[in-house]
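Reading through the structure tokens given below for one structure.
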Amino acid sequence: MSLPAPTLDSVTTINDDGSRRFIHPADVRGRFTHWRAVVGLLILAVYVGLPWITINGYPAVFLDLAHRQFHFIGLTFVTQDLWIAFFLISGLGFSLFYLTALLGRIWCGWACPQTVYLDVIRRIERWFEGDAHARERLDRMPWTGEKTLKRGGKNFVFFLFAALLSHVFLSYYVSPAGLSRMMTGSPRENWGSFVFVFLMTAAMYFNFVWFREQFCIVLCPYGRLQSALTDTNTLVIGYDTARGEPRGKKGTAGAGDCVDCRRCVQVCPTGIDIRLGLQMECIGCAACVDACDEVMTKLDRPRGLVRYDSLNGFAQKAKRIIRPRIILYTALLFLGATAMLLALSTLSPITVSCTRVPGVPYVLDAGKVRNEFLIRIFNKRNQPQHFTVAVTGGPAGLMATGTEAGVEVGPLGEQMRPIIVVVPREQVQGSFPLEVKVTSPNGRDVIKKTVTFVGPGY
Ligand code: SF4
Ligand code: SF4
């Protein structure tokens, strides 16, 4: 059953009555398909491998929600550090804007997890059921033993792949060690995680079996943003109308380079015809570029009838890389990156707070004024640390007690200690600042907190 020719007024993969029309994109080979496979493999390897790489005693990425700690490439963030996430998230957002303005849907076609996963899924499908024609034949076939075996095998592998990805996702939150504990224990001990992985596997399996490109066409918000983020200088995948039209068989007098073989349409995973112009459904996978290049090579014509270029390039107008929106995005990106680096430079493996003990502000006793403070030290390292605490900056005769022997804080632990500061009465006129200095064992991390000592007349 051949699909109706794509138009700009309808979505090829949805019937007029709104039901789903399943498409089987044809196989394609070529330089972009090759490099996309390499990039996809690398992305999958990073996704699966990251939790297994240990840096500073933790997985490279470990979002330990249970203990409200986040370990990221050797840095540990606690809830108090989460303001840095603002820079991270806005930085990622601006990077995507920047990338889109310059390179169009490069993210969708090359690095989006949905695209990467579907490429794997289509390979599995091809392995079990053959090429696009064989798969269409199988769709039309009654349920024989052969069809049951092929469909059953394919669905089983889809399910395994969905389960693998879901378990890897969970390991980012519970660490690989936690995951293996959960997997060897009973689901009753980890109901929440068990239900989460079950639902995620089911959603992914549904996506692999049925939803597929519909996610990009009807659900993904980033796809909808494209038209606002791109302009006529953005790199897109398009068809060179001036060169290709009018279409006609090879040798037809006056015909352009497009021989109307429809290979570019057959390989398109979203079922569109790129010759109709730039469309929202195009995910920038470059399959049509490889398909058309193959045809052009066979016809002994130059490649690039369908190619990466800007709309200005296709219209044979001047192309501009540097333009107002690129300057704006670059400035925002630079600002964001600087703010984030500054924020990261303030990140310390110790969190310290020092506050006055509630109650009377000072005590006058035997010619001395006494203030009490409470110091709280949080150790973000996963080894115990012995911190030294010093109180400086006061007048002569100042004595601080409570932390002379230092403070031992366990791995990722917290300790509180009272500090009693005593100053001779004659040295106190109202109030004055004091500095409480906490130093890590190697002396590399020093945190200073200022408190106010108060006395009579403050
Ligand atoms: S693959 Fe190239 S030649 Fe064939 S229909 Fe598409 S644009 Fe025309
Ligand atoms: S038009 Fe080309 S680049 Fe766009 S989705 Fe289809 S095959 Fe991929």
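How things are named: the first chain in the structure tokens is A, the next is B, and so on; residues count from 1 in each chain; ligands count from 1 in the order shown.
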Residue list (strand (DSSP E or B), DSSP) for range 248-376 of chain A, as a PDB file with C-alpha atoms, in the first residue's frame:
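The new file states_16.pdb reads:
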```pdb
ATOM      1  CA  VAL A 306      19.170  18.316  -1.260  1.00  0.00           C
ATOM      2  CA  ARG A 307      21.736  19.676   1.168  1.00  0.00           C
ATOM      3  CA  TYR A 308      22.615  21.625   4.299  1.00  0.00           C
ATOM      4  CA  ASP A 309      22.383  25.316   3.429  1.00  0.00           C
ATOM      5  CA  ILE A 350      32.561  22.897  53.309  1.00  0.00           C
ATOM      6  CA  THR A 351      29.432  24.800  54.220  1.00  0.00           C
ATOM      7  CA  VAL A 352      29.710  26.878  57.385  1.00  0.00           C
ATOM      8  CA  SER A 353      27.219  29.012  59.264  1.00  0.00           C
ATOM      9  CA  CYS A 354      27.790  30.858  62.519  1.00  0.00           C
ATOM     10  CA  THR A 355      24.887  32.409  64.397  1.00  0.00           C
ATOM     11  CA  ARG A 356      24.304  33.948  67.820  1.00  0.00           C
ATOM     12  CA  VAL A 363      26.373  38.162  79.832  1.00  0.00           C
ATOM     13  CA  LEU A 364      28.398  40.374  82.177  1.00  0.00           C
ATOM     14  CA  ASP A 365      30.311  38.214  84.615  1.00  0.00           C
ATOM     15  CA  LYS A 368      34.128  40.154  81.517  1.00  0.00           C
ATOM     16  CA  VAL A 369      31.565  40.264  78.711  1.00  0.00           C
ATOM     17  CA  ARG A 370      30.501  36.913  77.300  1.00  0.00           C
ATOM     18  CA  ASN A 371      28.802  36.160  73.928  1.00  0.00           C
ATOM     19  CA  GLU A 372      27.774  32.712  72.702  1.00  0.00           C
ATOM     20  CA  PHE A 373      27.648  31.623  69.094  1.00  0.00           C
ATOM     21  CA  LEU A 374      26.730  28.383  67.391  1.00  0.00           C
ATOM     22  CA  ILE A 375      28.910  27.171  64.549  1.00  0.00           C
ATOM     23  CA  ARG A 376      27.565  24.635  62.081  1.00  0.00           C
TER      24      ARG A 376
END
```
Sel. of alpha helix (DSSP H) residues, range 4-95 of chain A, as a short mmCIF file (atom, residue, chain, number, x, y, z; two decimals) with C-alpha atoms, in the first residue's frame:
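result.cif was written with the following content:
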```cif
data_model
loop_
_atom_site.label_atom_id
_atom_site.label_comp_id
_atom_site.auth_asym_id
_atom_site.auth_seq_id
_atom_site.Cartn_x
_atom_site.Cartn_y
_atom_site.Cartn_z
CA ARG A 31 28.23 10.14 4.93
CA PHE A 32 25.64 11.80 7.20
CA THR A 33 23.96 8.50 8.06
CA HIS A 34 27.38 7.08 8.92
CA TRP A 35 28.41 10.01 11.14
CA ARG A 36 25.01 10.19 12.80
CA ALA A 37 25.38 6.52 13.76
CA VAL A 38 28.83 7.24 15.24
CA VAL A 39 27.53 10.25 17.19
CA GLY A 40 24.48 8.28 18.36
CA LEU A 41 26.69 5.45 19.60
CA LEU A 42 28.89 7.91 21.50
CA ILE A 43 25.85 9.56 23.11
CA LEU A 44 24.48 6.18 24.17
CA ALA A 45 27.88 5.16 25.56
CA VAL A 46 28.09 8.39 27.59
CA TYR A 47 24.51 7.98 28.86
CA VAL A 48 25.02 4.37 29.94
CA GLY A 49 28.61 4.86 31.14
CA TRP A 83 20.97 28.44 43.05
CA ILE A 84 23.84 27.48 40.72
CA ALA A 85 21.35 25.26 38.85
CA PHE A 86 19.71 28.47 37.62
CA PHE A 87 22.89 29.30 35.65
CA LEU A 88 23.20 25.73 34.44
CA ILE A 89 19.62 25.49 33.18
CA SER A 90 19.54 28.98 31.65
CA GLY A 91 23.00 28.30 30.14
CA LEU A 92 21.71 25.12 28.50
CA GLY A 93 18.65 27.01 27.25
CA PHE A 94 20.76 29.77 25.67
CA SER A 95 23.15 27.23 24.17
#
```
(message) Report, in Å to a single decimal, how far apart CA of Val289 in chain A and CA of Ile274 in chain A are.
(response) 9.8 Å
Near-ligand residues for ligand 1, threshold 7 Å, only C-alpha atoms and all ligand atoms, as a PDB file with N, CA and C atoms, in the first residue's frame:
```pdb
ATOM      1  N   TYR A 239      15.903  21.751  -0.300  1.00  0.00           N
ATOM      2  CA  TYR A 239      15.965  21.287  -1.697  1.00  0.00           C
ATOM      3  C   TYR A 239      16.257  22.498  -2.577  1.00  0.00           C
ATOM      4  N   GLY A 244      16.733  21.908  -9.224  1.00  0.00           N
ATOM      5  CA  GLY A 244      15.972  20.668  -9.393  1.00  0.00           C
ATOM      6  C   GLY A 244      14.779  20.772 -10.307  1.00  0.00           C
ATOM      7  N   ASP A 257      17.542  18.950 -12.317  1.00  0.00           N
ATOM      8  CA  ASP A 257      18.291  17.778 -11.850  1.00  0.00           C
ATOM      9  C   ASP A 257      17.436  16.763 -11.091  1.00  0.00           C
ATOM     10  N   CYS A 258      16.260  17.165 -10.592  1.00  0.00           N
ATOM     11  CA  CYS A 258      15.436  16.205  -9.843  1.00  0.00           C
ATOM     12  C   CYS A 258      14.719  15.282 -10.821  1.00  0.00           C
ATOM     13  N   VAL A 259      14.969  13.984 -10.655  1.00  0.00           N
ATOM     14  CA  VAL A 259      14.346  13.024 -11.571  1.00  0.00           C
ATOM     15  C   VAL A 259      13.044  12.477 -10.967  1.00  0.00           C
ATOM     16  N   ASP A 260      12.597  13.067  -9.893  1.00  0.00           N
ATOM     17  CA  ASP A 260      11.339  12.698  -9.237  1.00  0.00           C
ATOM     18  C   ASP A 260      11.296  11.222  -8.842  1.00  0.00           C
ATOM     19  N   CYS A 261      12.453  10.712  -8.393  1.00  0.00           N
ATOM     20  CA  CYS A 261      12.511   9.296  -8.003  1.00  0.00           C
ATOM     21  C   CYS A 261      11.875   9.071  -6.632  1.00  0.00           C
ATOM     22  N   ARG A 262      11.655  10.112  -5.862  1.00  0.00           N
ATOM     23  CA  ARG A 262      11.023  10.097  -4.522  1.00  0.00           C
ATOM     24  C   ARG A 262      11.846   9.364  -3.466  1.00  0.00           C
ATOM     25  N   ARG A 263      13.113   9.144  -3.744  1.00  0.00           N
ATOM     26  CA  ARG A 263      13.964   8.497  -2.720  1.00  0.00           C
ATOM     27  C   ARG A 263      14.024   9.360  -1.470  1.00  0.00           C
ATOM     28  N   CYS A 264      14.083  10.685  -1.646  1.00  0.00           N
ATOM     29  CA  CYS A 264      14.163  11.578  -0.484  1.00  0.00           C
ATOM     30  C   CYS A 264      12.906  11.468   0.372  1.00  0.00           C
ATOM     31  N   VAL A 265      11.774  11.165  -0.248  1.00  0.00           N
ATOM     32  CA  VAL A 265      10.515  11.029   0.506  1.00  0.00           C
ATOM     33  C   VAL A 265      10.485   9.666   1.208  1.00  0.00           C
ATOM     34  N   ARG A 275      11.033  18.583  -0.849  1.00  0.00           N
ATOM     35  CA  ARG A 275      10.962  19.446  -2.029  1.00  0.00           C
ATOM     36  C   ARG A 275       9.832  20.476  -1.925  1.00  0.00           C
ATOM     37  N   CYS A 288      17.482  12.431   3.784  1.00  0.00           N
ATOM     38  CA  CYS A 288      17.137  12.803   2.402  1.00  0.00           C
ATOM     39  C   CYS A 288      18.376  13.327   1.663  1.00  0.00           C
ATOM     40  N   ALA A 291      20.196  10.250   0.611  1.00  0.00           N
ATOM     41  CA  ALA A 291      19.426   9.541  -0.428  1.00  0.00           C
ATOM     42  C   ALA A 291      19.587  10.238  -1.771  1.00  0.00           C
ATOM     43  N   CYS A 292      19.460  11.562  -1.766  1.00  0.00           N
ATOM     44  CA  CYS A 292      19.543  12.296  -3.035  1.00  0.00           C
ATOM     45  C   CYS A 292      20.978  12.301  -3.569  1.00  0.00           C
ATOM     46  N   VAL A 295      21.493   9.239  -5.480  1.00  0.00           N
ATOM     47  CA  VAL A 295      20.849   9.293  -6.805  1.00  0.00           C
ATOM     48  C   VAL A 295      21.692  10.158  -7.743  1.00  0.00           C
ATOM     49  N   MET A 296      22.137  11.306  -7.237  1.00  0.00           N
ATOM     50  CA  MET A 296      22.930  12.219  -8.087  1.00  0.00           C
ATOM     51  C   MET A 296      24.237  11.563  -8.526  1.00  0.00           C
ATOM     52  N   LEU A 305      21.819  18.398  -4.363  1.00  0.00           N
ATOM     53  CA  LEU A 305      20.506  18.925  -4.784  1.00  0.00           C
ATOM     54  C   LEU A 305      19.637  19.110  -3.527  1.00  0.00           C
ATOM     55  N   VAL A 306      19.733  18.138  -2.612  1.00  0.00           N
ATOM     56  CA  VAL A 306      19.170  18.316  -1.260  1.00  0.00           C
ATOM     57  C   VAL A 306      20.400  18.421  -0.369  1.00  0.00           C
TER      58      VAL A 306
END
```
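The contact shell of ligand 2, defined as all polymer residues within 8 Å when only C-alpha atoms and all ligand atoms are used, comprises Gly109, Ile237, Gly238, Cys264, Val265, Val267, Cys268, Pro269, Thr270, Gly271, Ile272, Asp273, Ile274, Gln279, Glu281, Cys282, Ile283, Gly284, Cys285, Ala286, Ala287, Cys288 and Val289 of chain A.
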(message) Show me, as a list in words, the residues that have an atom within 9 Å of Leu75 in chain A when counting only C-alpha atoms, minus same-chain residues fewer than 5 positions from it.
(response) Ile55, Asn56, Ala60, Phe70, Leu347 and Pro349 of chain A
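Minimum atom-to-atom distance to Asp64 in chain A, evaluated using only C-alpha atoms, belongs to A:Gly178 out of A:Asp139, A:Phe128, A:Gly178, A:Leu96.
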(message) I want to know what sits within 10 Å of Val391 in chain A, based on only C-alpha atoms, with residues of the same chain fewer than 6 positions away left out; could you give that as an MDAnalysis selection string?
(response) chainID A and resid 398:401 403:404 419 421 434:438 448:451
How would the residues just picked look written out with N, CA and C atoms as a compact mmCIF listing (two decimals), in the first residue's frame?
```txt
# COMPACT_ATOMS: atom_id res chain seq x y z
N LEU A 398 40.84 38.92 74.25
CA LEU A 398 39.72 38.08 73.79
C LEU A 398 40.06 36.60 73.93
N MET A 399 39.11 35.82 74.41
CA MET A 399 39.32 34.37 74.52
C MET A 399 38.12 33.65 73.95
N ALA A 400 38.40 32.67 73.10
CA ALA A 400 37.30 31.88 72.54
C ALA A 400 37.48 30.44 72.96
N THR A 401 36.42 29.83 73.47
CA THR A 401 36.51 28.43 73.87
C THR A 401 35.40 27.63 73.21
N THR A 403 36.02 25.29 70.62
CA THR A 403 36.45 24.61 69.39
C THR A 403 37.98 24.56 69.31
N GLU A 404 38.65 24.67 70.48
CA GLU A 404 40.12 24.71 70.46
C GLU A 404 40.72 23.45 69.85
N ILE A 419 30.43 28.26 70.51
CA ILE A 419 31.70 28.98 70.71
C ILE A 419 31.41 30.07 71.74
N VAL A 421 32.77 33.33 73.52
CA VAL A 421 33.79 34.37 73.35
C VAL A 421 33.71 35.32 74.56
N LEU A 434 33.65 40.25 64.64
CA LEU A 434 34.64 39.18 64.87
C LEU A 434 34.64 38.28 63.64
N GLU A 435 35.78 37.67 63.40
CA GLU A 435 35.84 36.75 62.25
C GLU A 435 36.02 35.32 62.75
N VAL A 436 35.15 34.43 62.29
CA VAL A 436 35.28 33.01 62.65
C VAL A 436 35.81 32.31 61.40
N LYS A 437 37.01 31.71 61.55
CA LYS A 437 37.67 31.13 60.37
C LYS A 437 37.73 29.61 60.51
N VAL A 438 37.17 28.90 59.50
CA VAL A 438 37.19 27.43 59.51
C VAL A 438 38.14 26.98 58.40
N LYS A 448 35.36 31.97 55.92
CA LYS A 448 35.34 33.00 56.97
C LYS A 448 33.92 33.51 57.14
N LYS A 449 33.51 33.62 58.39
CA LYS A 449 32.17 34.16 58.69
C LYS A 449 32.33 35.33 59.66
N THR A 450 31.59 36.37 59.43
CA THR A 450 31.69 37.51 60.35
C THR A 450 30.47 37.50 61.28
N VAL A 451 30.75 37.65 62.58
CA VAL A 451 29.66 37.76 63.56
C VAL A 451 29.90 39.06 64.34
```
